[in-house]
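Asker: Contents of target_8.txt (compact mmCIF, C-alpha atoms):
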```
# COMPACT_ATOMS: atom_id res chain seq x y z
CA MET E 215 -75.60 -43.29 -23.54
CA GLU E 216 -77.38 -46.25 -25.09
CA TYR E 217 -76.49 -47.56 -28.53
CA VAL E 218 -78.05 -49.51 -31.37
CA THR E 219 -75.98 -51.90 -33.45
CA LEU E 220 -76.46 -51.57 -37.21
CA HIS E 221 -76.60 -54.73 -39.31
CA ASN E 222 -72.93 -54.33 -40.26
CA GLY E 223 -71.87 -54.21 -36.60
CA VAL E 224 -71.37 -50.44 -36.33
CA LYS E 225 -72.61 -48.99 -33.04
CA MET E 226 -74.72 -45.82 -33.28
CA PRO E 227 -75.82 -43.63 -30.34
CA ILE E 228 -79.58 -43.88 -29.91
CA LEU E 229 -79.73 -40.17 -29.05
CA GLY E 230 -78.04 -37.48 -31.13
CA TYR E 231 -78.24 -33.79 -31.91
CA GLY E 232 -79.86 -32.60 -35.16
CA VAL E 233 -79.12 -29.28 -36.85
CA TYR E 234 -82.10 -29.01 -39.22
CA GLN E 235 -83.14 -25.35 -39.43
CA VAL E 236 -80.21 -24.23 -37.28
CA ALA E 237 -78.96 -21.07 -38.98
CA GLN E 238 -75.33 -20.81 -40.05
CA GLU E 239 -74.66 -17.89 -37.72
CA GLU E 240 -75.54 -19.92 -34.62
CA CYS E 241 -74.83 -23.47 -35.73
CA GLU E 242 -71.22 -23.62 -34.51
CA ARG E 243 -72.21 -22.37 -31.08
CA CYS E 244 -75.14 -24.80 -30.87
CA VAL E 245 -73.03 -27.82 -31.83
CA LEU E 246 -70.35 -26.84 -29.31
CA ASP E 247 -73.06 -26.55 -26.65
CA ALA E 248 -74.47 -29.95 -27.58
CA LEU E 249 -71.03 -31.55 -27.38
CA ARG E 250 -70.45 -29.95 -23.97
CA VAL E 251 -73.76 -31.42 -22.76
CA GLY E 252 -72.58 -34.85 -23.83
CA TYR E 253 -74.02 -35.51 -27.30
CA ARG E 254 -71.67 -37.49 -29.50
CA ALA E 255 -73.90 -38.07 -32.56
CA LEU E 256 -74.48 -35.13 -34.91
CA ASP E 257 -76.94 -35.12 -37.82
CA THR E 258 -76.66 -32.60 -40.66
CA ALA E 259 -77.37 -32.58 -44.41
CA GLN E 260 -76.21 -30.92 -47.59
CA SER E 261 -79.56 -29.16 -47.83
CA TYR E 262 -79.20 -27.63 -44.35
CA PHE E 263 -76.29 -25.46 -45.56
CA ASN E 264 -74.49 -25.76 -42.23
CA GLU E 265 -72.03 -28.62 -42.73
CA GLU E 266 -69.07 -26.23 -42.53
CA GLN E 267 -70.25 -24.86 -39.20
CA VAL E 268 -70.72 -28.38 -37.82
CA GLY E 269 -67.23 -29.30 -38.96
CA SER E 270 -65.73 -26.19 -37.41
CA ALA E 271 -67.43 -26.93 -34.08
CA VAL E 272 -66.17 -30.50 -34.10
CA VAL E 273 -62.59 -29.34 -34.62
CA LYS E 274 -62.86 -26.61 -31.98
CA SER E 275 -64.36 -29.06 -29.46
CA GLY E 276 -61.13 -31.04 -29.32
CA ILE E 277 -63.11 -34.26 -28.99
CA PRO E 278 -61.32 -37.17 -30.72
CA ARG E 279 -62.96 -37.93 -34.05
CA GLU E 280 -63.44 -41.60 -33.15
CA GLU E 281 -65.69 -40.59 -30.24
CA LEU E 282 -68.16 -38.90 -32.59
CA PHE E 283 -70.83 -40.25 -34.94
CA LEU E 284 -71.28 -37.86 -37.89
CA THR E 285 -74.22 -38.16 -40.29
CA THR E 286 -74.98 -36.16 -43.41
CA LYS E 287 -77.43 -36.62 -46.29
CA ILE E 288 -77.13 -36.22 -50.07
CA TRP E 289 -79.59 -33.76 -51.58
CA ILE E 290 -81.60 -34.55 -54.73
CA GLU E 291 -79.69 -32.25 -57.10
CA HIS E 292 -76.57 -34.32 -56.41
CA TYR E 293 -78.16 -37.66 -57.31
CA GLY E 294 -76.68 -39.87 -59.97
CA TYR E 295 -73.46 -41.80 -59.44
CA GLU E 296 -70.74 -39.25 -60.21
CA GLN E 297 -72.45 -36.23 -58.68
CA ALA E 298 -73.37 -38.11 -55.53
CA LYS E 299 -69.83 -39.37 -55.04
CA ALA E 300 -68.37 -35.90 -55.56
CA SER E 301 -70.92 -34.34 -53.21
CA VAL E 302 -70.04 -36.75 -50.39
CA LEU E 303 -66.36 -35.93 -50.75
CA GLU E 304 -67.28 -32.23 -50.65
CA SER E 305 -69.36 -32.81 -47.51
CA MET E 306 -66.35 -34.51 -45.94
CA ARG E 307 -64.22 -31.46 -46.80
CA LYS E 308 -66.76 -29.15 -45.19
CA LEU E 309 -67.02 -31.36 -42.11
CA GLN E 310 -63.20 -31.54 -41.93
CA THR E 311 -63.09 -35.32 -41.72
CA ASP E 312 -61.63 -38.09 -43.87
CA TYR E 313 -64.55 -40.43 -43.20
CA LEU E 314 -68.22 -40.23 -42.24
CA ASP E 315 -70.08 -42.55 -39.92
CA LEU E 316 -73.33 -42.47 -41.87
CA VAL E 317 -74.52 -40.96 -45.16
CA LEU E 318 -78.14 -41.13 -46.25
CA LEU E 319 -80.02 -40.39 -49.45
CA HIS E 320 -82.25 -37.55 -48.30
CA GLN E 321 -85.28 -38.14 -50.54
CA PRO E 322 -86.64 -41.06 -52.64
CA PHE E 323 -86.66 -39.14 -55.95
CA SER E 324 -84.64 -38.70 -59.15
CA ASP E 325 -81.69 -41.04 -59.75
CA CYS E 326 -81.54 -42.26 -56.18
CA TYR E 327 -80.29 -45.67 -57.33
CA GLY E 328 -77.27 -44.19 -59.08
CA ALA E 329 -76.59 -42.14 -55.94
CA TYR E 330 -76.91 -45.21 -53.77
CA ARG E 331 -74.35 -47.08 -55.89
CA ALA E 332 -71.95 -44.23 -55.15
CA LEU E 333 -72.59 -44.74 -51.42
CA GLU E 334 -71.94 -48.45 -51.81
CA ASP E 335 -68.57 -47.79 -53.45
CA LEU E 336 -67.58 -45.20 -50.85
CA TYR E 337 -68.58 -47.69 -48.17
CA ASP E 338 -66.42 -50.38 -49.77
CA ALA E 339 -63.53 -47.90 -49.90
CA GLY E 340 -63.79 -47.27 -46.15
CA LYS E 341 -64.87 -43.64 -46.52
CA LEU E 342 -68.26 -44.37 -44.97
CA ARG E 343 -68.88 -46.62 -41.97
CA ALA E 344 -72.58 -47.00 -42.78
CA ILE E 345 -75.02 -45.97 -45.50
CA GLY E 346 -78.77 -45.65 -45.74
CA VAL E 347 -81.79 -43.72 -46.87
CA SER E 348 -84.28 -41.17 -45.60
CA ASN E 349 -88.00 -40.79 -46.29
CA PHE E 350 -88.22 -44.15 -48.05
CA TYR E 351 -91.72 -45.56 -47.55
CA PRO E 352 -92.01 -49.35 -47.06
CA ASP E 353 -92.41 -50.14 -50.77
CA ARG E 354 -89.33 -48.11 -51.75
CA LEU E 355 -87.37 -49.50 -48.82
CA VAL E 356 -88.13 -53.13 -49.69
CA ASP E 357 -87.14 -52.42 -53.29
CA ILE E 358 -83.72 -50.95 -52.48
CA ALA E 359 -83.09 -53.41 -49.65
CA SER E 360 -83.78 -56.29 -52.03
CA PHE E 361 -81.90 -55.15 -55.13
CA ALA E 362 -79.03 -53.00 -53.85
CA ARG E 363 -75.67 -54.67 -53.30
CA VAL E 364 -75.49 -53.29 -49.73
CA CYS E 365 -78.74 -53.25 -47.77
CA PRO E 366 -79.34 -49.82 -46.16
CA MET E 367 -78.35 -49.74 -42.51
CA VAL E 368 -80.69 -46.84 -41.58
CA ASN E 369 -83.94 -45.26 -42.78
CA GLN E 370 -84.63 -41.82 -41.31
CA VAL E 371 -88.35 -41.03 -41.41
CA GLU E 372 -90.88 -38.77 -39.71
CA THR E 373 -91.68 -40.53 -36.43
CA HIS E 374 -93.44 -39.16 -33.34
CA PRO E 375 -96.40 -40.05 -31.10
CA LEU E 376 -98.96 -38.82 -33.64
CA ASN E 377 -97.33 -40.67 -36.55
CA GLN E 378 -95.64 -43.73 -35.07
CA GLN E 379 -94.68 -45.54 -38.29
CA THR E 380 -95.60 -48.93 -36.87
CA GLU E 381 -96.04 -50.59 -40.27
CA ALA E 382 -92.90 -48.96 -41.66
CA LYS E 383 -90.93 -50.10 -38.63
CA THR E 384 -92.19 -53.65 -39.09
CA TRP E 385 -90.76 -53.68 -42.62
CA MET E 386 -87.51 -52.07 -41.49
CA ASP E 387 -87.14 -54.68 -38.76
CA LYS E 388 -87.72 -57.46 -41.30
CA TYR E 389 -84.82 -56.22 -43.45
CA GLY E 390 -82.55 -55.28 -40.56
CA VAL E 391 -82.79 -51.55 -41.25
CA GLN E 392 -82.52 -49.24 -38.24
CA ILE E 393 -85.36 -46.72 -37.93
CA GLU E 394 -84.30 -43.15 -37.10
CA ALA E 395 -86.78 -40.38 -36.32
CA TRP E 396 -86.69 -36.96 -37.83
CA ALA E 397 -89.04 -34.54 -36.06
CA PRO E 398 -89.20 -36.83 -33.00
CA PHE E 399 -91.46 -34.22 -31.36
CA GLY E 400 -93.46 -33.61 -34.53
CA GLU E 401 -92.19 -30.03 -34.14
CA GLY E 402 -94.81 -29.66 -31.43
CA ARG E 403 -97.69 -29.90 -33.88
CA GLY E 404 -101.05 -31.10 -32.66
CA GLY E 405 -100.38 -29.67 -29.20
CA MET E 406 -97.78 -32.38 -28.59
CA PHE E 407 -95.98 -30.71 -25.67
CA ALA E 408 -99.26 -29.95 -23.89
CA ASN E 409 -100.82 -33.34 -24.58
CA PRO E 410 -102.50 -34.45 -21.31
CA VAL E 411 -101.49 -38.09 -21.75
CA LEU E 412 -97.82 -37.23 -22.24
CA ALA E 413 -97.87 -34.59 -19.51
CA GLY E 414 -99.59 -37.00 -17.13
CA ILE E 415 -97.00 -39.71 -17.72
CA GLY E 416 -94.24 -37.17 -17.23
CA ALA E 417 -95.66 -36.03 -13.91
CA LYS E 418 -95.23 -39.57 -12.53
CA TYR E 419 -91.49 -39.47 -13.20
CA GLY E 420 -90.78 -35.78 -12.67
CA LYS E 421 -90.16 -35.40 -16.40
CA THR E 422 -91.52 -33.16 -19.16
CA ALA E 423 -93.72 -34.30 -22.03
CA ALA E 424 -90.70 -33.88 -24.33
CA GLN E 425 -88.62 -36.21 -22.16
CA VAL E 426 -91.44 -38.77 -22.17
CA ILE E 427 -91.54 -38.62 -25.97
CA LEU E 428 -87.81 -39.22 -26.26
CA ARG E 429 -87.92 -42.04 -23.73
CA TRP E 430 -90.83 -43.63 -25.64
CA HIS E 431 -88.80 -43.53 -28.86
CA ILE E 432 -85.74 -45.01 -27.17
CA GLN E 433 -87.71 -47.87 -25.63
CA ARG E 434 -89.08 -48.66 -29.09
CA GLY E 435 -85.52 -48.86 -30.38
CA VAL E 436 -85.88 -45.69 -32.46
CA VAL E 437 -82.81 -43.46 -32.91
CA VAL E 438 -83.69 -39.82 -32.15
CA ILE E 439 -81.99 -36.56 -33.12
CA PRO E 440 -83.85 -33.73 -31.34
CA LYS E 441 -82.88 -30.18 -32.25
CA SER E 442 -82.72 -27.17 -29.97
CA THR E 443 -80.75 -23.93 -30.03
CA HIS E 444 -80.92 -23.55 -26.23
CA ILE E 445 -78.43 -25.40 -24.04
CA GLU E 446 -81.00 -25.80 -21.24
CA ARG E 447 -83.29 -27.70 -23.61
CA MET E 448 -80.36 -29.71 -24.93
CA ARG E 449 -79.66 -30.82 -21.36
CA GLU E 450 -83.31 -31.67 -20.83
CA ASN E 451 -83.42 -33.75 -24.01
CA PHE E 452 -80.24 -35.55 -22.97
CA ASP E 453 -81.59 -36.38 -19.49
CA VAL E 454 -83.74 -39.36 -20.48
CA PHE E 455 -81.69 -42.36 -19.36
CA ASP E 456 -82.60 -42.35 -15.68
CA PHE E 457 -86.19 -43.57 -15.96
CA THR E 458 -88.16 -46.26 -17.77
CA LEU E 459 -91.73 -46.05 -19.02
CA SER E 460 -93.99 -48.88 -17.87
CA THR E 461 -95.85 -51.14 -20.27
CA GLU E 462 -99.01 -49.18 -19.47
CA ASP E 463 -97.24 -45.90 -20.27
CA MET E 464 -96.01 -47.26 -23.60
CA GLN E 465 -99.52 -48.44 -24.47
CA ALA E 466 -100.99 -45.05 -23.55
CA VAL E 467 -98.60 -43.30 -25.93
CA ALA E 468 -99.25 -45.91 -28.62
CA ALA E 469 -102.96 -45.02 -28.43
CA LEU E 470 -102.14 -41.48 -29.60
CA ASP E 471 -101.15 -42.66 -33.07
CA GLN E 472 -103.09 -40.90 -35.84
CA LYS E 473 -101.21 -42.85 -38.54
CA ARG E 474 -100.69 -39.85 -40.80
CA SER E 475 -97.99 -37.29 -41.42
CA ALA E 476 -98.04 -34.02 -39.51
CA PHE E 477 -96.24 -32.44 -42.49
CA PHE E 478 -96.74 -33.90 -45.99
CA SER E 479 -96.74 -37.09 -48.02
CA HIS E 480 -93.93 -38.04 -50.37
CA GLN E 481 -96.55 -40.02 -52.30
CA ASP E 482 -98.56 -36.86 -53.09
CA PRO E 483 -97.86 -35.91 -56.74
CA ALA E 484 -98.19 -32.23 -55.91
CA MET E 485 -95.54 -32.60 -53.22
CA VAL E 486 -93.22 -34.37 -55.66
CA GLU E 487 -93.68 -31.41 -58.01
CA TRP E 488 -92.79 -29.10 -55.13
CA PHE E 489 -89.48 -30.94 -54.67
CA VAL E 490 -88.83 -30.77 -58.42
CA LYS E 491 -89.44 -27.02 -58.39
CA MET E 492 -87.07 -26.60 -55.45
CA VAL E 493 -84.31 -28.48 -57.29
CA GLU E 494 -84.85 -26.41 -60.44
CA GLU E 495 -84.70 -23.15 -58.49
CA ARG E 496 -81.48 -24.17 -56.79
CA LYS E 497 -79.94 -25.14 -60.12
CA LYS E 498 -80.71 -21.63 -61.37
CA GLN E 499 -79.05 -20.17 -58.28
CA HIS E 500 -76.03 -22.38 -58.94
CA ASP E 501 -75.83 -21.28 -62.57
CA CYS E 502 -76.06 -17.61 -61.58
CA SER E 503 -73.53 -17.77 -58.76
CA GLY E 504 -71.12 -20.19 -60.37
CA GLU E 505 -70.71 -21.87 -57.00
CA GLN E 506 -71.61 -25.39 -55.99
CA LYS E 507 -74.58 -25.54 -53.66
CA SER E 508 -74.60 -28.54 -51.36
```
Take the structure in the file and write it out as structure tokens.
Answerer:
Amino acid sequence: MEYVTLHNGVKMPILGYGVYQVAQEECERCVLDALRVGYRALDTAQSYFNEEQVGSAVVKSGIPREELFLTTKIWIEHYGYEQAKASVLESMRKLQTDYLDLVLLHQPFSDCYGAYRALEDLYDAGKLRAIGVSNFYPDRLVDIASFARVCPMVNQVETHPLNQQTEAKTWMDKYGVQIEAWAPFGEGRGGMFANPVLAGIGAKYGKTAAQVILRWHIQRGVVVIPKSTHIERMRENFDVFDFTLSTEDMQAVAALDQKRSAFFSHQDPAMVEWFVKMVEERKKQHDCSGEQKS
């Protein structure tokens, strides 16, 4: 395994396993499979509703806690200082751990600054080894990096060959913020896995297009958290440390950049309204059930 070193000295595996859209009923099995393959970094979130299953798998694996790198993210409805702090402690309970390696603000909306102050205090208290943000565009990142007491260690953003985030990465590098890719394959959109450039590069090394994509990320210094529910694919995604893309290969992949999201823009007012509606609907569910949703 290769590692990146965050600006506070914490080492983070450059390749981890993500559980976005992994259903509760299969999440424990998937995480156990990933740990058996060799993954030691796990990425979940309050909004994935599978923290408990991840925590159960970690305990059942028998792997010492210090060998793992656990990440979760605070969802918008828990923003604000007090709610954010309480939600992180609840996430820790679900994950059955007394500390977390990394906690991120999941979206750049609502009282994200109050929530970030809660992360800073939990970091100071030793409950969190690193803190950061997710989906913060360069302007928002520079703002929080400049005015927060603790500069974010990580920014997790959509990054893949069709949306390479070159400008965003330049700003992250300037402020010492580690870039981490969600959707490192772009969820296969735009014919990614059948792309002739990626497939052609893979053929030279006896690798798949997916393995080329992961290797390209890693050589750019981008942390990746691919998700799969099949152990064979988990093994394939993990098998990317025995080859190196040439400069020409890297340039060929760089030429694929379309410089736009394959999903949506956080700067689109209609999309912001969509997030607001989601939060409101979940608050109604919370009020009806009387249970905390995280």
Asker: Between CA of Arg254 in chain E and CA of Leu282 in chain E, measure the distance and give it in Å to one decimal.
Answerer: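 Distance reported for this atom pair: 4.9 Å.
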Asker: Out of E:Leu303, E:Ala408, E:Leu220, E:Ala469, which residue has the shortest atom-to-atom distance to Pro366 in chain E when counting all atoms listed in the file?
Answerer: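 Of the candidates, the smallest distance to Pro366 in chain E is held by E:Leu220.
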Asker: Go ahead and compute the interatomic distance for CA of Gln465 in chain E and CA of Met386 in chain E, in Å to one decimal.
Answerer: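 Atom-to-atom, CA of Gln465 in chain E and CA of Met386 in chain E are spaced 21.1 Å apart.
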Asker: Taking only C-alpha atoms into account, which of E:Leu428, E:Ile393, E:Ala468, E:Ala332 comes nearest Phe455 in chain E?
Answerer: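 Ranking E:Leu428, E:Ile393, E:Ala468, E:Ala332 by distance to Phe455 in chain E, first place goes to E:Leu428.
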Asker: When you count all atoms listed in the file, which of these residues is closest to Leu229 in chain E: E:His431, E:Arg447, E:Arg474, E:His480?
Answerer: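 Result for the nearest residue to Leu229 in chain E: E:His431.
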Asker: I'd like the neighbourhood of Leu333 in chain E as a ChimeraX atom specification, where a residue qualifies if any of its atoms comes within 10 Å (using all atoms listed in the file), though same-chain residues fewer than 4 positions away should be ignored.
Answerer: /E:288,295,298-299,302,316-319,327-329,337-339,341-342,344-346,364,366
Asker: Just give me the residues with any atom within 7 Å of (-75.1, -38.2, -31.7), file coordinates, counting all atoms listed in the file, written as a list in words.
Answerer: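 Those residues lying close to the given coordinates are Pro227, Leu229, Gly230, Tyr231, Tyr253, Arg254, Ala255, Leu256 and Phe283 of chain E.
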Asker: Please provide as a list in words all residues within 10 Å of Val493 in chain E, with the sequence filter that same-chain residues fewer than 6 positions apart are discarded (counting all atoms listed in the file).
Answerer: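 The residues satisfying every condition are Trp289, Ile290, Glu291, His292, Glu487 and Gln499 of chain E.
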Asker: Nearest to Phe263 in chain E among E:Lys308, E:Met226, E:Asp247, E:Cys365, with distances taken over only C-alpha atoms: which residue is it?
Answerer: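 Ranking E:Lys308, E:Met226, E:Asp247, E:Cys365 by distance to Phe263 in chain E, first place goes to E:Lys308.
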